[in-house]
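K.L.:
my_file_38.tsv is reproduced in full below (TSV, C-alpha atoms).
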```tsv
chain	number	residue	atom	x	y	z
A	1	MET	CA	106.69	108.89	75.17
A	2	VAL	CA	104.18	111.67	75.65
A	3	ASN	CA	102.59	111.46	79.03
A	4	GLN	CA	99.28	112.83	80.12
A	5	GLN	CA	100.87	115.48	82.30
A	6	ASN	CA	102.69	116.95	79.35
A	7	LEU	CA	99.55	117.01	77.26
A	8	LEU	CA	97.58	118.73	80.00
A	9	GLN	CA	100.27	121.36	80.36
A	10	VAL	CA	100.18	122.15	76.65
A	11	TYR	CA	96.40	122.28	76.73
A	12	LYS	CA	96.48	124.63	79.69
A	13	GLN	CA	98.95	126.99	78.04
A	14	LEU	CA	96.87	127.13	74.90
A	15	ILE	CA	93.55	127.67	76.69
A	16	LYS	CA	95.04	130.34	78.90
A	17	ALA	CA	96.51	132.24	75.97
A	18	ILE	CA	93.22	132.15	74.09
A	19	VAL	CA	91.14	133.19	77.11
A	20	LYS	CA	93.45	136.08	77.98
A	21	ASN	CA	93.55	137.17	74.38
A	22	ASP	CA	89.81	137.11	73.83
A	23	ARG	CA	88.58	138.37	77.15
A	24	ARG	CA	89.34	142.05	76.72
A	25	SER	CA	87.87	142.35	73.27
A	26	LYS	CA	84.83	140.34	74.39
A	27	ILE	CA	84.27	142.69	77.32
A	28	ILE	CA	84.51	145.76	75.09
A	29	GLN	CA	82.19	144.18	72.55
A	30	ARG	CA	79.61	143.31	75.19
A	31	ALA	CA	79.74	146.83	76.64
A	32	ASN	CA	79.08	148.24	73.18
A	33	GLU	CA	76.20	145.84	72.68
A	34	ILE	CA	74.70	146.86	76.00
A	35	SER	CA	74.82	150.56	75.23
A	36	LYS	CA	73.30	149.93	71.81
A	37	GLU	CA	70.45	147.88	73.27
A	38	ILE	CA	69.80	150.54	75.90
A	39	SER	CA	69.54	153.30	73.31
A	40	LEU	CA	67.25	151.17	71.16
A	41	LEU	CA	64.97	150.45	74.12
A	42	SER	CA	64.84	154.08	75.20
A	43	TYR	CA	63.94	155.03	71.63
A	44	GLN	CA	61.07	152.55	71.72
A	45	LYS	CA	59.95	153.94	75.04
A	46	ILE	CA	59.96	157.53	73.80
A	47	ASN	CA	57.96	156.49	70.72
A	48	LEU	CA	55.40	154.77	72.93
A	49	LEU	CA	55.03	157.81	75.15
A	50	ARG	CA	54.72	160.19	72.21
A	51	GLN	CA	51.74	158.41	70.71
A	52	PRO	CA	48.53	160.45	71.04
A	53	SER	CA	46.61	159.42	74.11
A	54	ASN	CA	43.03	159.49	72.86
A	55	GLU	CA	42.58	155.75	73.38
A	56	ASP	CA	40.38	154.04	75.92
A	57	THR	CA	41.59	153.00	79.35
A	58	LYS	CA	42.43	149.45	78.35
A	59	ALA	CA	44.83	150.58	75.63
A	60	LYS	CA	46.36	153.08	78.01
A	61	LEU	CA	46.92	150.40	80.61
A	62	SER	CA	48.60	148.06	78.17
A	63	LYS	CA	50.79	150.95	77.00
A	64	LEU	CA	51.76	151.67	80.58
A	65	ARG	CA	52.61	148.03	81.12
A	66	SER	CA	54.84	147.87	78.06
A	67	VAL	CA	56.62	151.05	79.14
A	68	GLN	CA	57.26	149.46	82.52
A	69	GLU	CA	58.55	146.35	80.80
A	70	ILE	CA	60.98	148.40	78.74
A	71	ASP	CA	62.09	150.22	81.88
A	72	SER	CA	62.86	147.01	83.70
A	73	LYS	CA	64.79	145.73	80.69
A	74	ILE	CA	66.84	148.92	80.60
A	75	ASN	CA	67.59	148.69	84.31
A	76	LYS	CA	68.63	145.08	83.91
A	77	LEU	CA	71.01	145.98	81.10
A	78	LYS	CA	72.43	148.89	83.06
A	79	ALA	CA	73.10	146.65	86.03
A	80	GLU	CA	74.99	144.17	83.88
A	81	ASP	CA	78.74	144.49	84.17
A	82	PRO	CA	80.59	142.65	81.39
A	83	LYS	CA	83.73	142.63	83.54
A	84	CYS	CA	81.98	140.37	86.03
A	85	ASP	CA	80.49	138.09	83.38
A	86	LYS	CA	81.89	134.68	84.16
A	87	ASN	CA	81.22	133.43	80.64
A	88	MET	CA	84.12	135.58	79.46
A	89	LEU	CA	86.46	133.30	81.40
A	90	TYR	CA	85.91	130.39	79.04
A	91	ILE	CA	86.63	129.81	75.40
A	92	SER	CA	83.72	129.19	73.09
A	93	ASN	CA	82.43	125.65	72.85
A	94	SER	CA	83.11	125.32	69.13
A	95	MET	CA	86.74	126.34	69.60
A	96	LYS	CA	87.07	123.95	72.50
A	97	THR	CA	85.79	120.97	70.56
A	98	ASP	CA	88.06	121.87	67.63
A	99	ILE	CA	91.15	121.91	69.81
A	100	ARG	CA	90.21	118.69	71.56
A	101	GLU	CA	89.51	116.86	68.31
A	102	ASP	CA	92.83	118.05	66.92
A	103	MET	CA	94.68	116.78	69.94
A	104	LYS	CA	92.85	113.48	69.90
A	105	ALA	CA	93.56	112.97	66.21
A	106	ILE	CA	97.24	113.70	66.73
A	107	LEU	CA	97.51	111.32	69.64
A	108	ILE	CA	95.84	108.45	67.80
A	109	LYS	CA	97.40	108.77	64.37
A	110	GLU	CA	100.95	109.93	64.75
A	111	ASN	CA	104.09	108.39	66.19
A	112	ASP	CA	105.89	109.84	69.19
A	113	ARG	CA	108.17	112.16	67.29
A	114	GLN	CA	105.32	113.59	65.29
A	115	ILE	CA	103.24	114.04	68.42
A	116	ASN	CA	106.02	115.99	70.08
A	117	ARG	CA	106.37	118.18	67.03
A	118	LYS	CA	102.65	118.91	66.92
A	119	LEU	CA	102.54	119.63	70.65
A	120	ASN	CA	105.41	122.07	70.19
A	121	ASN	CA	103.32	123.65	67.50
A	122	PHE	CA	100.53	124.18	70.03
A	123	ILE	CA	103.01	125.74	72.44
A	124	ASP	CA	104.16	128.07	69.67
A	125	ILE	CA	100.59	129.14	69.03
A	126	ALA	CA	100.14	129.95	72.70
A	127	ALA	CA	103.40	131.92	72.76
A	128	PHE	CA	102.36	133.82	69.64
A	129	LEU	CA	99.02	134.76	71.17
A	130	ASN	CA	100.67	135.92	74.38
A	131	ASN	CA	103.25	138.00	72.58
A	132	GLN	CA	100.69	139.50	70.26
A	133	ARG	CA	98.56	140.53	73.21
A	134	GLU	CA	101.51	142.08	74.97
A	135	TYR	CA	102.51	143.88	71.77
A	136	ASP	CA	99.02	145.32	71.39
A	137	GLU	CA	99.03	146.44	75.02
A	138	LEU	CA	102.36	148.20	74.60
A	139	ILE	CA	101.29	149.87	71.38
A	140	GLU	CA	98.25	151.21	73.17
A	141	ARG	CA	100.27	152.32	76.17
A	142	TYR	CA	102.75	154.23	74.07
A	143	ASN	CA	100.11	155.82	71.83
A	144	LEU	CA	97.45	156.97	74.25
A	145	GLY	CA	94.07	157.50	72.70
A	146	SER	CA	94.95	155.64	69.54
A	147	ARG	CA	92.24	153.06	70.14
A	148	GLY	CA	89.26	153.49	67.87
A	149	LEU	CA	90.90	155.74	65.30
A	150	THR	CA	89.76	155.26	61.72
A	151	GLN	CA	92.24	154.34	59.03
A	152	ASP	CA	92.12	157.90	57.61
A	153	GLU	CA	92.99	159.37	61.00
A	154	VAL	CA	95.88	156.95	61.40
A	155	VAL	CA	97.25	157.96	58.01
A	156	LYS	CA	96.85	161.65	58.83
A	157	ARG	CA	98.64	161.28	62.17
A	158	THR	CA	101.44	159.27	60.63
A	159	ALA	CA	101.93	161.95	58.00
A	160	ASN	CA	101.87	164.66	60.67
A	161	LYS	CA	104.57	162.85	62.60
A	162	VAL	CA	107.05	163.48	59.81
A	163	GLY	CA	105.79	166.99	59.14
A	164	LEU	CA	103.56	166.29	56.18
A	165	ASP	CA	99.92	167.00	55.50
A	166	VAL	CA	97.55	164.61	53.85
A	167	PRO	CA	96.24	166.21	50.62
A	168	LEU	CA	92.53	166.86	50.81
B	1	MET	CA	138.46	165.50	126.77
B	2	PHE	CA	136.06	163.35	128.72
B	3	ARG	CA	133.52	166.05	128.42
B	4	GLN	CA	133.84	165.98	124.67
B	5	LEU	CA	133.34	162.25	124.61
B	6	LEU	CA	130.26	162.58	126.75
B	7	ARG	CA	128.93	165.26	124.47
B	8	THR	CA	129.16	163.02	121.41
B	9	ALA	CA	127.76	160.10	123.34
B	10	THR	CA	124.52	161.73	124.46
B	11	PRO	CA	123.23	162.66	121.01
B	12	LEU	CA	124.05	159.14	119.84
B	13	ALA	CA	121.94	157.70	122.61
B	14	HIS	CA	119.14	160.06	121.67
B	15	ARG	CA	119.36	159.00	118.07
B	16	GLN	CA	119.28	155.35	118.95
B	17	ALA	CA	116.26	155.91	121.12
B	18	ALA	CA	114.60	157.75	118.26
B	19	ILE	CA	115.34	154.89	115.87
B	20	ALA	CA	113.99	152.40	118.37
B	21	THR	CA	110.72	154.29	118.72
B	22	LYS	CA	110.49	154.58	114.95
B	23	ARG	CA	110.87	150.86	114.60
B	24	THR	CA	108.13	150.07	117.03
B	25	SER	CA	105.85	152.49	115.26
B	26	ILE	CA	106.45	150.81	111.91
B	27	VAL	CA	105.45	147.34	112.99
B	28	PRO	CA	101.71	147.80	113.45
B	29	GLN	CA	101.52	149.77	110.21
B	30	SER	CA	102.94	146.93	108.15
B	31	LEU	CA	100.61	144.50	109.88
B	32	MET	CA	97.65	146.67	109.00
B	33	ARG	CA	98.75	146.89	105.41
B	34	TYR	CA	98.97	143.13	105.26
B	35	TYR	CA	95.45	142.66	106.46
B	36	SER	CA	93.97	145.29	104.18
B	37	ALA	CA	95.73	143.80	101.14
B	38	SER	CA	94.13	140.38	101.45
B	39	GLY	CA	90.61	141.67	101.71
B	40	LEU	CA	88.97	138.53	100.37
B	41	THR	CA	86.71	136.72	102.75
B	42	LYS	CA	86.05	133.04	102.45
B	43	ASP	CA	82.36	133.53	101.66
B	44	ASP	CA	83.20	136.02	98.95
B	45	VAL	CA	85.67	133.66	97.31
B	46	THR	CA	83.24	130.76	97.58
B	47	THR	CA	80.39	132.56	95.84
B	48	ARG	CA	82.69	133.78	93.09
B	49	ILE	CA	84.12	130.34	92.47
B	50	VAL	CA	80.66	128.78	92.42
B	51	ASP	CA	79.58	131.41	89.89
B	52	VAL	CA	82.61	130.61	87.75
B	53	ILE	CA	81.87	126.89	87.89
B	54	LYS	CA	78.23	127.44	87.02
B	55	ALA	CA	79.16	129.51	83.99
B	56	TYR	CA	81.16	126.63	82.57
B	57	ASP	CA	78.34	124.48	81.43
B	58	LYS	CA	74.54	124.33	81.46
B	59	SER	CA	74.55	120.94	83.16
B	60	LEU	CA	76.73	122.35	85.94
B	61	ALA	CA	74.46	125.33	86.46
B	62	ALA	CA	71.69	123.04	87.68
B	63	LYS	CA	73.85	120.97	90.03
B	64	PRO	CA	74.19	121.82	93.70
B	65	ILE	CA	77.77	122.88	94.42
B	66	SER	CA	79.17	122.73	97.92
B	67	LEU	CA	82.66	123.02	99.35
B	68	GLU	CA	82.96	119.26	99.35
B	69	SER	CA	82.07	118.77	95.69
B	70	THR	CA	84.98	117.18	93.87
B	71	TYR	CA	85.58	118.24	90.29
B	72	ASN	CA	86.06	114.74	89.05
B	73	LYS	CA	83.34	112.73	90.77
B	74	ASP	CA	80.61	115.11	91.88
B	75	LEU	CA	80.76	117.58	89.01
B	76	GLY	CA	81.65	115.03	86.34
B	77	LEU	CA	84.55	116.98	84.86
B	78	ASP	CA	87.39	115.24	83.04
B	79	SER	CA	90.99	116.34	83.33
B	80	LEU	CA	90.76	118.75	80.39
B	81	ASP	CA	87.60	120.33	81.82
B	82	THR	CA	89.34	120.77	85.16
B	83	VAL	CA	92.23	122.51	83.42
B	84	GLU	CA	89.80	124.93	81.82
B	85	LEU	CA	88.14	125.57	85.14
B	86	ILE	CA	91.48	126.29	86.82
B	87	VAL	CA	92.39	128.71	84.03
B	88	ALA	CA	89.06	130.47	84.50
B	89	ILE	CA	89.62	130.72	88.25
B	90	GLU	CA	93.14	132.07	87.67
B	91	GLU	CA	91.71	134.74	85.39
B	92	GLU	CA	88.90	135.58	87.80
B	93	PHE	CA	91.27	136.23	90.71
B	94	GLU	CA	94.15	137.48	88.54
B	95	ILE	CA	96.65	134.98	89.89
B	96	GLU	CA	98.82	132.17	88.57
B	97	ILE	CA	98.31	128.80	90.17
B	98	PRO	CA	101.46	126.68	89.70
B	99	ASP	CA	100.85	123.34	87.98
B	100	LYS	CA	101.92	121.35	91.01
B	101	VAL	CA	99.39	123.10	93.24
B	102	ALA	CA	96.71	122.93	90.57
B	103	ASP	CA	97.07	119.15	90.41
B	104	GLU	CA	96.41	118.93	94.12
B	105	LEU	CA	93.18	120.91	93.97
B	106	LYS	CA	90.54	118.22	93.83
B	107	ASN	CA	87.47	119.91	95.24
B	108	VAL	CA	85.89	123.33	95.62
B	109	GLY	CA	86.88	123.74	99.29
B	110	GLU	CA	90.59	123.21	98.63
B	111	THR	CA	90.49	125.76	95.83
B	112	VAL	CA	88.76	128.30	98.07
B	113	ASP	CA	91.35	127.75	100.81
B	114	TYR	CA	94.21	128.19	98.36
B	115	ILE	CA	92.83	131.45	97.00
B	116	VAL	CA	92.10	132.86	100.46
B	117	SER	CA	95.70	132.06	101.45
B	118	ASN	CA	97.10	133.67	98.29
B	119	PRO	CA	97.88	137.34	99.02
B	120	ASP	CA	97.89	138.32	95.33
B	121	ALA	CA	94.31	137.27	94.70
B	122	ASN	CA	91.73	139.96	94.14
```
How does this structure look as C-alpha coordinates?

P.N.:
Amino acid sequence: MVNQQNLLQVYKQLIKAIVKNDRRSKIIQRANEISKEISLLSYQKINLLRQPSNEDTKAKLSKLRSVQEIDSKINKLKAEDPKCDKNMLYISNSMKTDIREDMKAILIKENDRQINRKLNNFIDIAAFLNNQREYDELIERYNLGSRGLTQDEVVKRTANKVGLDVPL
Amino acid sequence: MFRQLLRTATPLAHRQAAIATKRTSIVPQSLMRYYSASGLTKDDVTTRIVDVIKAYDKSLAAKPISLESTYNKDLGLDSLDTVELIVAIEEEFEIEIPDKVADELKNVGETVDYIVSNPDAN
(Lines of atoms letter the chains of each structure in order from A and count residues from 1; the text may use other names and numbers.)
(Lines give C-alpha, C1' and ligand atoms only; values in the text may rest on other atoms or scores of the structure.)
Protein backbone atom coordinates (compact mmCIF):
# COMPACT_ATOMS: atom_id res chain seq x y z
CA MET A 1 0.00 0.00 0.00
CA VAL A 2 1.36 3.39 -0.94
CA ASN A 3 0.92 5.83 1.87
CA GLN A 4 0.75 9.56 1.69
CA GLN A 5 4.10 10.00 3.39
CA ASN A 6 5.83 8.00 0.69
CA LEU A 7 4.16 9.99 -2.05
CA LEU A 8 5.14 13.29 -0.45
CA GLN A 9 8.74 12.14 -0.17
CA VAL A 10 8.88 11.25 -3.85
CA TYR A 11 7.28 14.56 -4.76
CA LYS A 12 9.79 16.42 -2.63
CA GLN A 13 12.76 14.67 -4.19
CA LEU A 14 11.51 15.42 -7.66
CA ILE A 15 10.72 19.09 -6.98
CA LYS A 16 14.04 19.62 -5.27
CA ALA A 17 15.98 18.10 -8.15
CA ILE A 18 14.15 20.23 -10.69
CA VAL A 19 14.52 23.44 -8.69
CA LYS A 20 18.24 22.90 -8.09
CA ASN A 21 18.74 22.01 -11.71
CA ASP A 22 16.91 24.99 -13.14
CA ARG A 23 17.91 27.67 -10.70
CA ARG A 24 21.43 28.31 -11.92
CA SER A 25 20.55 28.50 -15.57
CA LYS A 26 17.55 30.69 -14.74
CA ILE A 27 19.76 33.10 -12.79
CA ILE A 28 22.27 33.33 -15.64
CA GLN A 29 19.47 33.82 -18.15
CA ARG A 30 17.88 36.59 -16.10
CA ALA A 31 21.24 38.36 -15.68
CA ASN A 32 21.71 38.28 -19.44
CA GLU A 33 18.21 39.63 -19.97
CA ILE A 34 18.87 42.45 -17.53
CA SER A 35 22.08 43.53 -19.23
CA LYS A 36 20.36 43.41 -22.61
CA GLU A 37 17.46 45.54 -21.40
CA ILE A 38 19.86 48.04 -19.85
CA SER A 39 21.81 48.45 -23.08
CA LEU A 40 18.60 48.84 -25.06
CA LEU A 41 17.32 51.52 -22.68
CA SER A 42 20.61 53.42 -22.70
CA TYR A 43 20.55 53.33 -26.50
CA GLN A 44 17.06 54.84 -26.45
CA LYS A 45 18.23 57.48 -24.03
CA ILE A 46 21.21 58.46 -26.15
CA ASN A 47 18.97 58.70 -29.23
CA LEU A 48 16.59 60.97 -27.35
CA LEU A 49 19.40 63.24 -26.20
CA ARG A 50 20.94 63.42 -29.66
CA GLN A 51 17.82 64.76 -31.30
CA PRO A 52 18.19 68.41 -32.36
CA SER A 53 16.82 70.70 -29.70
CA ASN A 54 15.07 73.36 -31.76
CA GLU A 55 11.65 72.46 -30.38
CA ASP A 56 9.49 74.54 -28.09
CA THR A 57 9.60 74.28 -24.32
CA LYS A 58 6.73 71.83 -24.07
CA ALA A 59 8.44 69.29 -26.31
CA LYS A 60 11.66 69.78 -24.41
CA LEU A 61 9.92 69.15 -21.12
CA SER A 62 8.30 65.95 -22.33
CA LYS A 63 11.68 64.81 -23.66
CA LEU A 64 13.24 65.50 -20.29
CA ARG A 65 10.50 63.53 -18.58
CA SER A 66 10.96 60.51 -20.83
CA VAL A 67 14.73 60.61 -20.25
CA GLN A 68 14.08 60.60 -16.52
CA GLU A 69 11.70 57.69 -16.94
CA ILE A 70 14.33 55.71 -18.81
CA ASP A 71 16.87 56.55 -16.12
CA SER A 72 14.64 55.26 -13.36
CA LYS A 73 13.99 52.08 -15.33
CA ILE A 74 17.72 51.55 -15.78
CA ASN A 75 18.36 52.09 -12.08
CA LYS A 76 15.61 49.65 -11.20
CA LEU A 77 17.11 47.01 -13.47
CA LYS A 78 20.58 47.61 -12.09
CA ALA A 79 19.32 47.17 -8.55
CA GLU A 80 17.71 43.85 -9.40
CA ASP A 81 19.75 40.87 -8.29
CA PRO A 82 18.60 37.63 -9.91
CA LYS A 83 20.30 35.67 -7.13
CA CYS A 84 17.85 37.14 -4.63
CA ASP A 85 14.82 36.61 -6.84
CA LYS A 86 12.56 34.35 -4.84
CA ASN A 87 10.67 33.23 -7.93
CA MET A 88 13.73 31.18 -8.90
CA LEU A 89 13.06 28.96 -5.89
CA TYR A 90 9.93 27.49 -7.43
CA ILE A 91 9.25 25.39 -10.47
CA SER A 92 7.07 26.84 -13.18
CA ASN A 93 3.33 26.48 -12.75
CA SER A 94 2.85 24.50 -15.95
CA MET A 95 5.47 21.95 -14.90
CA LYS A 96 3.92 21.73 -11.46
CA THR A 97 0.44 20.99 -12.77
CA ASP A 98 1.87 18.40 -15.17
CA ILE A 99 3.62 16.53 -12.39
CA ARG A 100 0.60 16.67 -10.12
CA GLU A 101 -1.78 15.43 -12.82
CA ASP A 102 0.59 12.59 -13.61
CA MET A 103 0.74 11.55 -10.00
CA LYS A 104 -3.00 11.80 -9.58
CA ALA A 105 -3.62 9.73 -12.70
CA ILE A 106 -1.23 7.05 -11.50
CA LEU A 107 -2.81 6.89 -8.08
CA ILE A 108 -6.34 6.56 -9.42
CA LYS A 109 -5.81 4.19 -12.31
CA GLU A 110 -3.12 1.73 -11.39
CA ASN A 111 -2.85 -1.06 -8.85
CA ASP A 112 -0.34 -0.99 -6.01
CA ARG A 113 2.48 -2.69 -7.85
CA GLN A 114 2.16 -0.38 -10.80
CA ILE A 115 2.03 2.64 -8.53
CA ASN A 116 5.25 1.60 -6.83
CA ARG A 117 6.92 1.12 -10.18
CA LYS A 118 5.84 4.54 -11.40
CA LEU A 119 6.93 6.19 -8.16
CA ASN A 120 10.32 4.54 -8.54
CA ASN A 121 10.39 6.01 -11.99
CA PHE A 122 9.93 9.48 -10.48
CA ILE A 123 12.76 8.79 -8.04
CA ASP A 124 14.96 7.78 -10.97
CA ILE A 125 14.18 11.02 -12.75
CA ALA A 126 15.18 12.98 -9.66
CA ALA A 127 18.41 10.99 -9.34
CA PHE A 128 19.19 11.54 -13.02
CA LEU A 129 18.69 15.29 -12.68
CA ASN A 130 20.90 15.44 -9.60
CA ASN A 131 23.66 13.43 -11.20
CA GLN A 132 23.50 15.41 -14.40
CA ARG A 133 23.83 18.64 -12.47
CA GLU A 134 26.78 17.33 -10.53
CA TYR A 135 28.39 16.08 -13.74
CA ASP A 136 28.01 19.49 -15.35
CA GLU A 137 29.49 21.17 -12.29
CA LEU A 138 32.50 18.87 -12.33
CA ILE A 139 33.04 19.33 -16.05
CA GLU A 140 33.07 23.06 -15.50
CA ARG A 141 35.38 22.81 -12.52
CA TYR A 142 37.91 20.71 -14.37
CA ASN A 143 37.80 22.82 -17.55
CA LEU A 144 37.91 26.37 -16.27
CA GLY A 145 36.63 28.94 -18.69
CA SER A 146 34.97 26.37 -20.91
CA ARG A 147 31.55 27.89 -20.32
CA GLY A 148 30.25 29.82 -23.28
CA LEU A 149 32.63 28.42 -25.88
CA THR A 150 31.20 27.97 -29.36
CA GLN A 151 31.15 24.57 -31.00
CA ASP A 152 34.04 25.57 -33.31
CA GLU A 153 36.19 26.57 -30.34
CA VAL A 154 35.44 23.29 -28.60
CA VAL A 155 36.49 21.36 -31.68
CA LYS A 156 39.66 23.42 -32.02
CA ARG A 157 40.60 22.90 -28.38
CA THR A 158 39.91 19.19 -28.57
CA ALA A 159 42.13 18.92 -31.62
CA ASN A 160 44.85 20.94 -29.90
CA LYS A 161 44.76 18.59 -26.93
CA VAL A 162 46.06 15.76 -29.09
CA GLY A 163 48.49 17.98 -30.98
CA LEU A 164 46.45 18.59 -34.09
CA ASP A 165 45.31 21.75 -35.82
CA VAL A 166 41.91 22.27 -37.29
CA PRO A 167 42.28 22.91 -41.05
CA LEU A 168 41.18 26.40 -41.98
CA MET B 1 71.29 12.69 40.41
CA PHE B 2 68.57 14.57 42.20
CA ARG B 3 69.75 17.70 40.56
CA GLN B 4 69.32 16.11 37.17
CA LEU B 5 65.81 15.06 38.01
CA LEU B 6 64.99 18.55 39.14
CA ARG B 7 66.42 19.95 35.97
CA THR B 8 64.14 17.83 33.79
CA ALA B 9 61.19 18.55 36.03
CA THR B 10 61.30 22.33 35.82
CA PRO B 11 61.06 22.62 32.04
CA LEU B 12 58.18 20.14 32.12
CA ALA B 13 56.32 22.33 34.56
CA HIS B 14 57.00 25.32 32.35
CA ARG B 15 55.67 23.48 29.35
CA GLN B 16 52.55 22.43 31.14
CA ALA B 17 51.95 25.97 32.25
CA ALA B 18 52.43 27.13 28.68
CA ILE B 19 49.93 24.55 27.43
CA ALA B 20 47.46 25.60 30.10
CA THR B 21 47.68 29.24 29.09
CA LYS B 22 47.31 28.26 25.45
CA ARG B 23 44.16 26.36 26.23
CA THR B 24 42.55 29.23 28.03
CA SER B 25 43.40 31.52 25.15
CA ILE B 26 41.74 29.19 22.65
CA VAL B 27 38.38 29.06 24.35
CA PRO B 28 37.14 32.60 23.72
CA GLN B 29 38.34 32.42 20.12
CA SER B 30 36.21 29.39 19.34
CA LEU B 31 33.25 31.02 21.04
CA MET B 32 33.69 34.10 18.89
CA ARG B 33 33.89 32.01 15.77
CA TYR B 34 30.66 30.30 16.71
CA TYR B 35 28.80 33.54 17.07
CA SER B 36 30.13 35.05 13.87
CA ALA B 37 29.22 31.91 11.89
CA SER B 38 25.51 32.05 12.71
CA GLY B 39 25.08 35.66 11.73
CA LEU B 40 21.38 35.36 10.93
CA THR B 41 19.09 37.40 13.08
CA LYS B 42 15.51 36.43 13.64
CA ASP B 43 14.15 39.51 11.86
CA ASP B 44 16.35 38.83 8.87
CA VAL B 45 15.18 35.23 8.60
CA THR B 46 11.56 36.27 9.03
CA THR B 47 11.61 38.81 6.22
CA ARG B 48 13.35 36.38 3.90
CA ILE B 49 10.90 33.60 4.62
CA VAL B 50 7.94 35.92 4.14
CA ASP B 51 9.41 37.00 0.80
CA VAL B 52 9.81 33.37 -0.21
CA ILE B 53 6.22 32.60 0.74
CA LYS B 54 4.91 35.62 -1.11
CA ALA B 55 6.75 34.60 -4.26
CA TYR B 56 4.94 31.28 -4.30
CA ASP B 57 1.60 32.46 -5.48
CA LYS B 58 -0.26 35.65 -6.35
CA SER B 59 -3.01 34.91 -3.84
CA LEU B 60 -0.39 34.55 -1.10
CA ALA B 61 1.26 37.83 -2.00
CA ALA B 62 -1.85 39.71 -0.92
CA LYS B 63 -2.36 37.87 2.36
CA PRO B 64 -0.96 39.17 5.63
CA ILE B 65 1.70 36.78 6.89
CA SER B 66 2.69 36.72 10.54
CA LEU B 67 4.74 34.34 12.65
CA GLU B 68 1.56 32.61 13.76
CA SER B 69 0.23 31.93 10.26
CA THR B 70 -0.09 28.20 9.73
CA TYR B 71 0.62 26.87 6.26
CA ASN B 72 -2.40 24.67 6.18
CA LYS B 73 -5.18 26.80 7.65
CA ASP B 74 -4.18 30.44 7.35
CA LEU B 75 -2.33 30.30 4.06
CA GLY B 76 -4.52 27.62 2.49
CA LEU B 77 -1.68 25.40 1.30
CA ASP B 78 -2.17 21.66 0.80
CA SER B 79 0.49 19.12 1.65
CA LEU B 80 2.10 19.26 -1.79
CA ASP B 81 2.24 23.06 -1.68
CA THR B 82 3.87 22.89 1.74
CA VAL B 83 6.49 20.51 0.36
CA GLU B 84 7.29 22.98 -2.39
CA LEU B 85 7.54 25.78 0.11
CA ILE B 86 9.93 23.79 2.30
CA VAL B 87 12.09 23.00 -0.72
CA ALA B 88 12.19 26.70 -1.60
CA ILE B 89 13.17 27.60 1.96
CA GLU B 90 15.89 24.93 1.93
CA GLU B 91 17.27 26.41 -1.28
CA GLU B 92 17.05 29.97 0.03
CA PHE B 93 19.10 29.19 3.15
CA GLU B 94 21.22 26.47 1.52
CA ILE B 95 20.35 23.82 4.08
CA GLU B 96 18.69 20.42 4.15
CA ILE B 97 15.71 20.09 6.43
CA PRO B 98 15.22 16.41 7.35
CA ASP B 99 11.78 15.03 6.51
CA LYS B 100 10.93 14.38 10.14
CA VAL B 101 11.61 17.99 11.11
CA ALA B 102 9.87 19.30 8.00
CA ASP B 103 6.69 17.46 8.97
CA GLU B 104 6.71 19.21 12.32
CA LEU B 105 6.95 22.69 10.84
CA LYS B 106 3.36 23.84 10.79
CA ASN B 107 3.63 27.61 10.88
CA VAL B 108 5.97 30.42 9.90
CA GLY B 109 7.28 31.00 13.45
CA GLU B 110 8.42 27.39 13.90
CA THR B 111 10.24 27.52 10.57
CA VAL B 112 11.98 30.76 11.54
CA ASP B 113 13.06 29.27 14.87
CA TYR B 114 14.41 26.16 13.19
CA ILE B 115 16.47 28.15 10.70
CA VAL B 116 17.84 30.51 13.34
CA SER B 117 18.92 27.46 15.37
CA ASN B 118 20.55 25.81 12.34
CA PRO B 119 24.23 26.83 12.22
CA ASP B 120 24.59 25.94 8.52
CA ALA B 121 21.94 28.37 7.34
CA ASN B 122 23.06 31.43 5.44

K.L.:
Just give me the gap between atom CA of A:Glu69 and atom CA of A:Tyr43 in Å, one decimal is fine.

P.N.:
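Computing the Euclidean distance for atom CA of A:Glu69 and atom CA of A:Tyr43 yields 13.7 Å.
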
K.L.:
Set the cut-off to 8 Å and count only C-alpha atoms: what are the residues of chain B that reach chain A? Output as a PyMOL selection string.

P.N.:
chain B and resi 51-52+55-56+79-80+83-84+87-89+91-92+99

K.L.:
In Å, how far is it from atom CA of B:Ile97 to atom CA of B:Asp74?

P.N.:
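Taking atom CA of B:Ile97 and atom CA of B:Asp74, their separation equals 22.4 Å.
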
K.L.:
Pick out the residues sitting within 8 Å of A:Leu14, and hand them over as a list of chain:residue names; count all atoms listed in the file, and ignore anything fewer than 3 positions along from it in its own chain.

P.N.:
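Once the adjacent positions are removed, what remains is A:Val10, A:Tyr11, A:Ala17, A:Ile18, A:Phe122, A:Ile123, A:Ile125, A:Ala126.
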
K.L.:
Which residues come within 10 Å of A:Val67, counting all atoms listed in the file, excluding same-chain residues fewer than 4 positions away, as a PyMOL selection string?

P.N.:
chain A and resi 41-42+44-46+48-49+61-63+71-73

K.L.:
Just how far from atom CA of A:Asp81 is atom CA of B:Asn122, in Å to one decimal?

P.N.:
17.0 Å

K.L.:
Nearest to B:Asp120: which of B:Leu40, B:Asp81, B:Ser66, B:Pro98 is it, counting all atoms listed in the file?

P.N.:
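Counting all atoms listed in the file, the residue closest to B:Asp120 is B:Leu40.
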